[in-house]
Amino acid sequence: MVALVLAPVLLGVALYKLPSALAAVLALAGQAGIAAGVVALFLRAYHEGPFVEVLGGTDHLLHVSLRGDRTALALAAVTVLLFAAALVYCLREPFRDNKLLLLLLVLQGLAVGIFLADDVFTLFVLFEVATLVGILLLMFRRDRRSTYDGLYYLTIQIVAMMFFLFGVAYLYRTFGVLSVTELSLLVERGVDGRAMVLPAAFLLTGIGPKAGFFPLFSYVPRSYANPGAPTAVLMLLSGVLVNGALFWFARLGALFAPAIDLSGFLLVVGLATGVAGAVKALAQRDLRLILAYSTVSQAGLITLGLASGGLTAHGGGMFHLVSHALLKSVLFLTAGLIASVYGTTRIDRIRGVARRMPVVAVVTAVAVLGMVGAPFTAAGASKDLILSGVSGTWVEAAVWVVNLGTALVFARYAVMLFGRPDGEAAVRAGERAGRVQTGVVVALAAVCVAVGVAAPQVAGLLGVPAPSGLSLSKALGFLATVAGAVVVVRYGAPFVRRLRALVVPTLSLPYAVLALTVFFVAAAGYGTLVTAGGAG
């Protein structure tokens with residue numbers, strides 16, 4: 001497994017001094033080898049079960065442990081697919097050079113390592129270095145704004161990971177080990193829940209901004225609306241790094257569950273995140289910000305599934321990590337193509353995409369239907385699992401609220417596909433340059449369709465319950481949700497304009513740091529109340 005982490009990094013270093021065209025070809029060829037390695041390890045996990053590799057001897061503080069299971073390796077495979085798509089997408093970008101190639105390959109190795117890591121200190125290092133590389137990519141096309149926004153993002157993430165490091169230190173002081181596999185066994189044998197309150201609060205607070213939890217997503221507008229950030233980088237932030245944080249949210253939740261029940265707190269966080277993300281998305285004019293805040297909303301939905309405690313809902317949350325990553329990647333890349341042709345990212349200035357860019361419009365429509373949860377789509381299957389797992393509880397109503405918010409967001413987003421373009425200002429050179437990128441989004445959309453059609457088989461590969469088939473009630477529920485969203489978007493424009501004035505402002509840096517502290521205090525306070533009640 002260590003080869004999957006190191007191979008992209010070493011490949012990027014080896015190609016740095018080669019001619020740009022040759023380096024790009026060899027980088028893409030290297031993706032095939034990395035993909036083959038992921039598939040081989042996935043087959044091993046599928047047939048033999050999870051396995052752990054330990055590097056660095058027997059010193060529990062110094063060794064590095066990696067763990068391969070079906071879910072982690074499936075997400076690693078999705079990561080390789082999305083990075084390969086990003087590399088191809090960047091082939092025709094005017095700013096592409098070997099520095100961009102190196103940074104993308106280094107980030108790929110770190111992202112794969114995040115999914116495969118088993119000890120929390122290695123995870124801390126991987127997240128920190130991935131944050132630094134991500135910031136360099138956000139600031140790749142250097143200007144004053146991108147530098148400021150990158151430093152804002154860096155500061156927030158550094159403060160967050162200090163919380164995480166405190167949690168790591170607390171766990172090591174208590175147990176003397178850092179491997180999550182070993183820690184889980186020790187916690188299951190019995191441990192005072194009160195001793196787990198602080199490490200749980202520290203670790204979840206550290207993960208929170210990376211996962212986009214409410215109210216810790218203040219970095220979103222400064223990252224995703226950054227004009228210097230390449231489109232492919234925004235896709236990877238949304239489709240890979242957020243997934244890595246949510247995956248570890250699930251693993252850490254499972255680690256602490258036998259000792260401390262934080263599900264109530266996490267369900268409230270999931271609902272607040274899902275609603276806040278949808279409201280913020282509705283208030284945006286920038287295509288990238290609409291998609292970014294939609295990612296925040298979907299993080300809330302995934303959290304509702306993962307924190308509910310049921311096997312079916314948890315499996316739905318894991319499945320949604322895959323489906324959302326694929327669908328949102330398609331949307332980010334098509335948004336980049338649309339912006340390059342129209343010369344703007346303002347959604348109110350874009351109309352008639354179906355006339356001007358029919359292939360891109362069809363691909364966008366497919367991804368939009370998937371995000372809304374249409375039958376026979378990947379997200380439709382994963383949302384169905386979440387709803388089935390929380391049926392009969394208040395969480396079911398929460399999931400429907402988040403799903404309605406998603407429908408509203410993408411009903412508004414899809415408006416740009418219709419109508420007549422304003423003038424004939426399309427940049428023909430941009431359209432020609434977009435042919436390679438168009439091929440990428442078509443290929444990714446085909447993968448999304450395949451995952452949706454083969455959802456039961458994909459669920460089996462992931463080791464989660466298979467989604468149930470289409471029923472009349474599900475079809476009617478989907479149609480009613482879409483129809484309601486269209487009506488609200490069509491006649492609620494004045495409300496949206498008023499909403500924008502209320503929710504567009506974002507937190508300044510001091511208040512963003514304060515939000516981290518409030519989140520930590522809330523998590524620790526809830527944990528203290530739960531353990532005190534249990535002890536009583």
# chains A, B, ... in the order shown; residues from 1 in each chain; ligands from 1
call {"tool": "select_by_dssp", "arguments": {"residues": "stretch 222-434 of chain A", "states": "helix (DSSP H, G or I)", "output": "ChimeraX atom specification"}}
result
/A:222-224,231-256,263-282,287-307,311-342,347-349,353-356,358-372,378-389,394-417,428-433
call {"tool": "residues_around", "arguments": {"residues": "A:Leu321", "least_positions_apart": "5", "cutoff": "9 Å", "atoms": "only C-alpha atoms", "output": "PyMOL selection string"}}
result
chain A and resi 75+239+243+246-247+299+302+316+326+382
call {"tool": "write_last_selection", "arguments": {"atoms": "C-alpha atoms", "output": "PDB file, in the first residue's frame"}}
result
ATOM      1  CA  LEU A  75     -12.441   5.664  -2.414  1.00  0.00           C
ATOM      2  CA  GLY A 239     -14.482  15.514  -4.693  1.00  0.00           C
ATOM      3  CA  ASN A 243     -14.404  12.988   1.063  1.00  0.00           C
ATOM      4  CA  LEU A 246     -15.854  12.663   5.934  1.00  0.00           C
ATOM      5  CA  PHE A 247     -14.365   9.175   5.650  1.00  0.00           C
ATOM      6  CA  ALA A 299     -21.523  16.832   3.650  1.00  0.00           C
ATOM      7  CA  ILE A 302     -23.591  12.281   4.532  1.00  0.00           C
ATOM      8  CA  GLY A 316     -25.784   4.932   2.317  1.00  0.00           C
ATOM      9  CA  LEU A 326     -18.224  11.657  -9.216  1.00  0.00           C
ATOM     10  CA  SER A 382     -27.189   6.334  -1.946  1.00  0.00           C
TER      11      SER A 382
END
call {"tool": "residues_around", "arguments": {"residues": "A:Phe166", "least_positions_apart": "4", "cutoff": "9 Å", "atoms": "only C-alpha atoms", "output": "ChimeraX atom specification"}}
result
/A:161-162,170-171,199,202-203
call {"tool": "closest_atom_pairs", "arguments": {"of": "stretch 124-216 of chain A", "to": "stretch 108-115 of chain A", "cutoff": "9 Å", "atoms": "only C-alpha atoms", "output": "CSV"}}
result
residue,atom,partner,partner_atom,distance
A:Leu126,CA,A:Leu110,CA,5.8
A:Phe127,CA,A:Ile114,CA,7.1
A:Val129,CA,A:Leu110,CA,7.6
A:Ala130,CA,A:Leu110,CA,6.0
call {"tool": "write_last_selection", "arguments": {"atoms": "C-alpha atoms", "output": "PDB file, in the first residue's frame"}}
result
ATOM      1  CA  LEU A 126      -0.930  13.771   5.553  1.00  0.00           C
ATOM      2  CA  PHE A 127      -3.707  16.292   6.142  1.00  0.00           C
ATOM      3  CA  VAL A 129       0.954  18.489   3.892  1.00  0.00           C
ATOM      4  CA  ALA A 130      -2.138  18.078   1.680  1.00  0.00           C
TER       5      ALA A 130
END
call {"tool": "residues_around", "arguments": {"residues": "A:Ala397", "least_positions_apart": "6", "cutoff": "10 Å", "atoms": "only C-alpha atoms", "output": "MDAnalysis selection string"}}
result
chainID A and resid 271 387 390:391 403
call {"tool": "closest_residue", "arguments": {"among": "A:Phe319, A:Phe418, A:Tyr89, A:Phe217", "to": "A:Leu385", "atoms": "only C-alpha atoms"}}
result
A:Phe319
call {"tool": "residues_around", "arguments": {"residues": "A:Gly12", "least_positions_apart": "2", "cutoff": "12 Å", "atoms": "only C-alpha atoms", "output": "JSON, numbers by chain"}}
result
{"A": [6, 7, 8, 9, 10, 14, 15, 16, 17, 18, 20, 23, 24, 26, 27, 28, 30, 31, 87, 97, 98, 99, 100, 101, 102, 103, 104, 105, 106, 107, 108, 109]}
call {"tool": "residues_around", "arguments": {"residues": "A:Trp248", "least_positions_apart": "4", "cutoff": "12 Å", "atoms": "only C-alpha atoms", "output": "PyMOL selection string"}}
result
chain A and resi 71-72+75+113-120+123-124+127+180+203-204+206-208+210-211+241-244+252-255+303+306+318+321
call {"tool": "residues_around", "arguments": {"residues": "A:Ala200", "least_positions_apart": "2", "cutoff": "12 Å", "atoms": "only C-alpha atoms", "output": "ChimeraX atom specification"}}
result
/A:163-171,193-198,202-208,249,251-257,259-262,266,520-528
call {"tool": "atom_distance", "arguments": {"atom1": "atom CA of A:Ala76", "atom2": "atom CA of A:Leu216"}}
result
25.7 Å
call {"tool": "closest_residue", "arguments": {"among": "A:Ala276, A:Leu66, A:Val401, A:Val353", "to": "A:Arg420", "atoms": "only C-alpha atoms"}}
result
A:Val353
call {"tool": "closest_atom_pairs", "arguments": {"of": "stretch 53-88 of chain A", "to": "stretch 444-467 of chain A", "cutoff": "10 Å", "atoms": "only C-alpha atoms", "output": "tab-separated table"}}
result
residue	atom	partner	partner_atom	distance
A:Asp69	CA	A:Leu462	CA	9.1
A:Arg70	CA	A:Leu462	CA	5.7
A:Thr71	CA	A:Leu462	CA	5.4
A:Ala72	CA	A:Leu462	CA	9.0
A:Leu73	CA	A:Leu462	CA	9.1
A:Ala74	CA	A:Leu462	CA	7.0
A:Leu75	CA	A:Leu462	CA	9.4
A:Leu81	CA	A:Leu444	CA	8.8
A:Leu82	CA	A:Leu444	CA	8.5
A:Ala85	CA	A:Leu444	CA	7.9
call {"tool": "write_last_selection", "arguments": {"atoms": "N, CA, C and O atoms", "output": "PDB file, in the first residue's frame"}}
result
ATOM      1  N   ASP A  69      -9.217  -1.641   3.376  1.00  0.00           N
ATOM      2  CA  ASP A  69     -10.497  -2.332   3.375  1.00  0.00           C
ATOM      3  C   ASP A  69     -11.247  -1.933   2.115  1.00  0.00           C
ATOM      4  O   ASP A  69     -10.794  -1.080   1.347  1.00  0.00           O
ATOM      5  N   ARG A  70     -12.391  -2.538   1.891  1.00  0.00           N
ATOM      6  CA  ARG A  70     -13.083  -2.307   0.620  1.00  0.00           C
ATOM      7  C   ARG A  70     -13.481  -0.849   0.425  1.00  0.00           C
ATOM      8  O   ARG A  70     -13.320  -0.285  -0.661  1.00  0.00           O
ATOM      9  N   THR A  71     -13.991  -0.228   1.478  1.00  0.00           N
ATOM     10  CA  THR A  71     -14.438   1.160   1.342  1.00  0.00           C
ATOM     11  C   THR A  71     -13.264   2.089   1.093  1.00  0.00           C
ATOM     12  O   THR A  71     -13.299   2.945   0.195  1.00  0.00           O
ATOM     13  N   ALA A  72     -12.199   1.939   1.886  1.00  0.00           N
ATOM     14  CA  ALA A  72     -11.036   2.812   1.731  1.00  0.00           C
ATOM     15  C   ALA A  72     -10.414   2.656   0.346  1.00  0.00           C
ATOM     16  O   ALA A  72     -10.045   3.646  -0.302  1.00  0.00           O
ATOM     17  N   LEU A  73     -10.301   1.429  -0.130  1.00  0.00           N
ATOM     18  CA  LEU A  73      -9.679   1.206  -1.432  1.00  0.00           C
ATOM     19  C   LEU A  73     -10.599   1.630  -2.573  1.00  0.00           C
ATOM     20  O   LEU A  73     -10.127   2.074  -3.627  1.00  0.00           O
ATOM     21  N   ALA A  74     -11.910   1.509  -2.383  1.00  0.00           N
ATOM     22  CA  ALA A  74     -12.838   2.016  -3.399  1.00  0.00           C
ATOM     23  C   ALA A  74     -12.718   3.531  -3.517  1.00  0.00           C
ATOM     24  O   ALA A  74     -12.700   4.090  -4.629  1.00  0.00           O
ATOM     25  N   LEU A  75     -12.618   4.215  -2.379  1.00  0.00           N
ATOM     26  CA  LEU A  75     -12.441   5.664  -2.414  1.00  0.00           C
ATOM     27  C   LEU A  75     -11.074   6.042  -2.976  1.00  0.00           C
ATOM     28  O   LEU A  75     -10.931   7.073  -3.651  1.00  0.00           O
ATOM     29  N   LEU A  81      -9.082   7.953 -10.263  1.00  0.00           N
ATOM     30  CA  LEU A  81      -9.876   8.316 -11.441  1.00  0.00           C
ATOM     31  C   LEU A  81     -10.000   9.830 -11.577  1.00  0.00           C
ATOM     32  O   LEU A  81      -9.808  10.394 -12.672  1.00  0.00           O
ATOM     33  N   LEU A  82     -10.295  10.513 -10.476  1.00  0.00           N
ATOM     34  CA  LEU A  82     -10.495  11.958 -10.538  1.00  0.00           C
ATOM     35  C   LEU A  82      -9.185  12.698 -10.805  1.00  0.00           C
ATOM     36  O   LEU A  82      -9.168  13.713 -11.516  1.00  0.00           O
ATOM     37  N   ALA A  85      -8.501  12.330 -14.450  1.00  0.00           N
ATOM     38  CA  ALA A  85      -9.356  13.271 -15.181  1.00  0.00           C
ATOM     39  C   ALA A  85      -8.814  14.694 -15.080  1.00  0.00           C
ATOM     40  O   ALA A  85      -8.825  15.448 -16.059  1.00  0.00           O
TER      41      ALA A  85
END
call {"tool": "atom_distance", "arguments": {"atom1": "atom CA of A:Gly492", "atom2": "atom CA of A:Phe478"}}
result
20.5 Å
call {"tool": "atom_distance", "arguments": {"atom1": "atom CA of A:Val133", "atom2": "atom CA of A:Leu151"}}
result
12.5 Å
call {"tool": "select_by_dssp", "arguments": {"residues": "stretch 58-232 of chain A", "states": "strand (DSSP E)", "output": "list in words"}}
result
Val64, Ser65, Leu66, Arg67 and Gly68 of chain A
call {"tool": "write_last_selection", "arguments": {"atoms": "N, CA, C and O atoms", "output": "CSV table (one decimal), in the first residue's frame"}}
result
chain,number,residue,atom,x,y,z
A,64,VAL,N,4.5,3.7,11.0
A,64,VAL,CA,3.4,4.1,10.2
A,64,VAL,C,2.6,2.9,9.8
A,64,VAL,O,3.1,1.9,9.3
A,65,SER,N,1.3,3.0,10.1
A,65,SER,CA,0.4,1.8,9.7
A,65,SER,C,-0.6,2.3,8.7
A,65,SER,O,-1.2,3.4,8.8
A,66,LEU,N,-0.8,1.4,7.7
A,66,LEU,CA,-1.8,1.6,6.6
A,66,LEU,C,-2.8,0.5,6.7
A,66,LEU,O,-2.4,-0.7,6.9
A,67,ARG,N,-4.0,0.8,6.4
A,67,ARG,CA,-5.1,-0.2,6.5
A,67,ARG,C,-5.9,-0.2,5.2
A,67,ARG,O,-6.3,0.8,4.7
A,68,GLY,N,-6.0,-1.4,4.6
A,68,GLY,CA,-6.8,-1.5,3.4
A,68,GLY,C,-8.1,-2.3,3.6
A,68,GLY,O,-8.1,-3.4,4.1
